[in-house]
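Working notes, beginning with the structure itself.
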Amino acid sequence: MTTSGRKPDEGERYKAILETAARLICDRGYEGTSMQEIAAACRMTKAGLYHHIQNKEQLLFAIMNYGMDLFEEQVLSRVQDIVDPVDRLRACMRHNILLVTRGWSKEVIIILHEHATLTGEARAFIDNRKKRYVDFLEEAFSQAAQQGRIRPVDPTIGAFSFLGMVLWVYKWFKPDGRLTDEQIADGMVDLLFPPIVAAAVDGQPGVSSLRVVPRAASGSGSGTEEP
């Protein structure tokens, strides 16, 4: 009950169940977490939990679907209209890193790694939603290369290299460690997409970083040389 004596909104209650279950599964693994433990963590009876959830796999599917909703809201919706493809990728990486390192939702996103546990239509549905993110990244890498903003790279290699960096952060990031999540986000973005840096190459002044080139590069120092 709330302080006003009314029952919490059912939608909020459902989200709380998903977030609580995600934290347990994130800590113990899907197979190592029982429905009884989830019910206890939610301060519910097991029968009460089953009022909201059909079974354990349906719970995992609901968590993943909710995680994709959060991801699309907090990452994709904020970057998809950025015109410059490199700026789009930089912003996307930053938002994605912060999503998996902070706040109440991080376990919901991390648990997306359990997708192989799903079967049938549920797995296909989540895989399709995740594929849309890969397609988004591949398109951005392709545009950046075509515009000469980055060195030529296969878009699939670019997309999965991006994802490999971002989605592994939660394994080693420590909230009380030497580096803040902001520092990690900035450092990783600059590592994969270095900011434009003036330099002299073969006697040509004003050449940009070898990997990312300015929007309006000119002269023989176009910034497209291989490192």
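Labels for the structure tokens follow display order: chains A, B, ..., residues from 1 in each chain, ligands from 1.
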Could I get the residues of stretch 113-210 of chain A with an atom no further than 9 Å from an atom of stretch 54-75 of chain A, each paired with its nearest atom pair and that distance in Å to one decimal, using only C-alpha atoms, sorted by chain and residue number, as a Markdown table?
```
| residue | atom | partner | partner_atom | distance |
| --- | --- | --- | --- | --- |
| A:Glu114 | CA | A:Leu60 | CA | 8.3 |
| A:His115 | CA | A:Met64 | CA | 7.8 |
| A:Thr117 | CA | A:Glu57 | CA | 8.0 |
| A:Leu118 | CA | A:Glu57 | CA | 6.7 |
| A:Thr119 | CA | A:Glu57 | CA | 8.5 |
| A:Ala122 | CA | A:Phe61 | CA | 6.4 |
| A:Arg123 | CA | A:Phe61 | CA | 7.8 |
| A:Phe125 | CA | A:Asn65 | CA | 8.8 |
| A:Ile126 | CA | A:Asn65 | CA | 6.8 |
| A:Arg129 | CA | A:Met68 | CA | 7.3 |
| A:Lys130 | CA | A:Met68 | CA | 7.8 |
| A:Tyr133 | CA | A:Glu72 | CA | 8.8 |
```
Next, the residues of the selection above should be written as a CSV table (one decimal), in the first residue's frame with N, CA, C and O atoms.
```csv
chain,number,residue,atom,x,y,z
A,114,GLU,N,21.4,-13.1,-21.6
A,114,GLU,CA,20.8,-14.4,-21.3
A,114,GLU,C,19.8,-14.8,-22.5
A,114,GLU,O,19.1,-15.8,-22.3
A,115,HIS,N,19.9,-14.1,-23.6
A,115,HIS,CA,18.9,-14.4,-24.7
A,115,HIS,C,19.0,-15.8,-25.2
A,115,HIS,O,17.9,-16.3,-25.6
A,117,THR,N,18.9,-18.4,-23.6
A,117,THR,CA,18.0,-19.2,-22.8
A,117,THR,C,16.6,-19.3,-23.3
A,117,THR,O,15.9,-20.3,-23.1
A,118,LEU,N,16.2,-18.2,-24.0
A,118,LEU,CA,14.8,-18.2,-24.6
A,118,LEU,C,14.7,-19.2,-25.7
A,118,LEU,O,15.7,-19.6,-26.4
A,119,THR,N,13.5,-19.6,-26.0
A,119,THR,CA,13.3,-20.6,-27.1
A,119,THR,C,12.1,-20.1,-28.0
A,119,THR,O,11.4,-19.2,-27.6
A,122,ALA,N,9.6,-16.4,-28.7
A,122,ALA,CA,10.1,-15.4,-27.7
A,122,ALA,C,11.6,-15.1,-28.1
A,122,ALA,O,11.9,-13.9,-28.1
A,123,ARG,N,12.4,-16.1,-28.3
A,123,ARG,CA,13.8,-15.8,-28.7
A,123,ARG,C,13.9,-15.1,-30.1
A,123,ARG,O,14.6,-14.1,-30.2
A,125,PHE,N,11.7,-13.1,-31.4
A,125,PHE,CA,11.2,-11.7,-31.2
A,125,PHE,C,12.3,-10.8,-30.6
A,125,PHE,O,12.6,-9.7,-31.1
A,126,ILE,N,13.0,-11.3,-29.6
A,126,ILE,CA,14.1,-10.5,-29.0
A,126,ILE,C,15.3,-10.4,-29.9
A,126,ILE,O,15.8,-9.3,-30.1
A,129,ARG,N,14.6,-7.7,-32.4
A,129,ARG,CA,14.7,-6.3,-31.8
A,129,ARG,C,16.2,-6.0,-31.7
A,129,ARG,O,16.6,-4.8,-32.0
A,130,LYS,N,17.0,-6.9,-31.3
A,130,LYS,CA,18.5,-6.7,-31.2
A,130,LYS,C,19.1,-6.5,-32.5
A,130,LYS,O,20.0,-5.7,-32.7
A,133,TYR,N,19.2,-3.0,-33.8
A,133,TYR,CA,20.3,-2.2,-33.3
A,133,TYR,C,21.6,-2.4,-34.1
A,133,TYR,O,22.3,-1.5,-34.5
```
With the cut-off set at 7 Å and counting only C-alpha atoms, tabulate each residue of stretch 12-102 of chain A with an atom at most that distance from an atom of stretch 175-190 of chain A, showing the nearest atom pair and its distance in Å to one decimal, ordered by chain and increasing number, as a Markdown table.
```
| residue | atom | partner | partner_atom | distance |
| --- | --- | --- | --- | --- |
| A:Arg90 | CA | A:Val189 | CA | 5.8 |
| A:Met93 | CA | A:Val189 | CA | 6.5 |
| A:Arg94 | CA | A:Ala185 | CA | 5.3 |
| A:Ile97 | CA | A:Ala185 | CA | 6.0 |
| A:Leu98 | CA | A:Asp181 | CA | 6.5 |
| A:Thr101 | CA | A:Asp181 | CA | 6.5 |
```
Only N, CA, C and O atoms, please: the residues just picked out, written as a PDB file, in the first residue's frame.
```pdb
ATOM      1  N   ARG A  90      29.369   8.211 -31.816  1.00  0.00           N
ATOM      2  CA  ARG A  90      29.974   8.646 -30.549  1.00  0.00           C
ATOM      3  C   ARG A  90      28.900   8.808 -29.472  1.00  0.00           C
ATOM      4  O   ARG A  90      29.053   8.339 -28.337  1.00  0.00           O
ATOM      5  N   MET A  93      27.473   5.352 -28.416  1.00  0.00           N
ATOM      6  CA  MET A  93      28.366   4.611 -27.529  1.00  0.00           C
ATOM      7  C   MET A  93      28.314   5.177 -26.118  1.00  0.00           C
ATOM      8  O   MET A  93      28.236   4.427 -25.141  1.00  0.00           O
ATOM      9  N   ARG A  94      28.341   6.478 -26.007  1.00  0.00           N
ATOM     10  CA  ARG A  94      28.324   7.100 -24.686  1.00  0.00           C
ATOM     11  C   ARG A  94      27.038   6.763 -23.928  1.00  0.00           C
ATOM     12  O   ARG A  94      27.074   6.344 -22.766  1.00  0.00           O
ATOM     13  N   ILE A  97      27.013   3.011 -22.888  1.00  0.00           N
ATOM     14  CA  ILE A  97      27.908   2.708 -21.762  1.00  0.00           C
ATOM     15  C   ILE A  97      27.285   3.159 -20.449  1.00  0.00           C
ATOM     16  O   ILE A  97      27.278   2.412 -19.465  1.00  0.00           O
ATOM     17  N   LEU A  98      26.749   4.359 -20.426  1.00  0.00           N
ATOM     18  CA  LEU A  98      26.153   4.864 -19.186  1.00  0.00           C
ATOM     19  C   LEU A  98      24.919   4.057 -18.798  1.00  0.00           C
ATOM     20  O   LEU A  98      24.616   3.898 -17.611  1.00  0.00           O
ATOM     21  N   THR A 101      26.079   1.005 -16.807  1.00  0.00           N
ATOM     22  CA  THR A 101      26.945   1.218 -15.648  1.00  0.00           C
ATOM     23  C   THR A 101      26.274   1.950 -14.499  1.00  0.00           C
ATOM     24  O   THR A 101      26.855   2.058 -13.419  1.00  0.00           O
TER      25      THR A 101
END
```
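Listed by chain and then by rising number, the residues of stretch 75-213 of chain A that DSSP assigns to strand (DSSP E or B) from the backbone are A:Ile150, A:Ala199, A:Ala200, A:Val201, A:Gln204, A:Pro205, A:Gly206, A:Val207, A:Val212.
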DSSP-assigned alpha helix (DSSP H) among stretch 30-220 of chain A, expressed as a VMD selection string: chain A and resid 35 to 41 46 to 52 56 to 71 77 to 79 85 to 99 106 to 110 120 to 146 155 to 167 169 to 172 181 to 192
Separation of atom CA of A:Leu192 from atom CA of A:Gln143, in Å and rounded to one decimal: 16.1 Å
For A:Arg13, the nearest of the candidates A:Cys42, A:Thr156, A:Tyr30, A:Ile25, counting only C-alpha atoms: A:Cys42
Do you know which residues are at most 10 Å from A:Ile157 counting only C-alpha atoms, after dropping those on the same chain fewer than 5 positions away, and could you put them as a short mmCIF file (atom, residue, chain, number, x, y, z; two decimals) with all heavy atoms, in the first residue's frame?
```
data_model
loop_
_atom_site.label_atom_id
_atom_site.label_comp_id
_atom_site.auth_asym_id
_atom_site.auth_seq_id
_atom_site.Cartn_x
_atom_site.Cartn_y
_atom_site.Cartn_z
N GLU A 138 25.47 -0.69 -38.28
CA GLU A 138 26.07 -0.96 -39.58
C GLU A 138 25.81 0.18 -40.56
O GLU A 138 26.71 0.57 -41.32
CB GLU A 138 25.51 -2.27 -40.14
CG GLU A 138 26.03 -3.51 -39.44
CD GLU A 138 25.49 -4.80 -40.04
OE1 GLU A 138 24.42 -4.75 -40.70
OE2 GLU A 138 26.13 -5.84 -39.85
N PHE A 141 28.18 3.09 -39.62
CA PHE A 141 29.56 2.83 -40.03
C PHE A 141 29.70 2.93 -41.55
O PHE A 141 30.69 3.47 -42.06
CB PHE A 141 30.00 1.44 -39.55
CG PHE A 141 30.57 1.43 -38.16
CD1 PHE A 141 29.81 0.99 -37.10
CD2 PHE A 141 31.87 1.87 -37.91
CE1 PHE A 141 30.32 0.99 -35.80
CE2 PHE A 141 32.39 1.87 -36.63
CZ PHE A 141 31.62 1.43 -35.56
N PHE A 162 32.12 -2.39 -31.95
CA PHE A 162 31.44 -1.40 -31.11
C PHE A 162 30.71 -2.11 -29.97
O PHE A 162 30.87 -1.80 -28.79
CB PHE A 162 30.47 -0.62 -31.99
CG PHE A 162 29.63 0.42 -31.31
CD1 PHE A 162 29.88 1.78 -31.52
CD2 PHE A 162 28.57 0.08 -30.48
CE1 PHE A 162 29.09 2.75 -30.93
CE2 PHE A 162 27.77 1.04 -29.88
CZ PHE A 162 28.04 2.38 -30.10
N LEU A 163 29.89 -3.10 -30.33
CA LEU A 163 29.09 -3.81 -29.32
C LEU A 163 29.97 -4.59 -28.35
O LEU A 163 29.68 -4.66 -27.15
CB LEU A 163 28.12 -4.77 -30.02
CG LEU A 163 26.98 -4.10 -30.79
CD1 LEU A 163 26.23 -5.13 -31.62
CD2 LEU A 163 26.03 -3.40 -29.83
#
```
Residue with smallest distance to A:Gln80 - pool A:Phe160, A:Phe193, A:Trp168, A:Phe136, counting only C-alpha atoms: A:Phe136
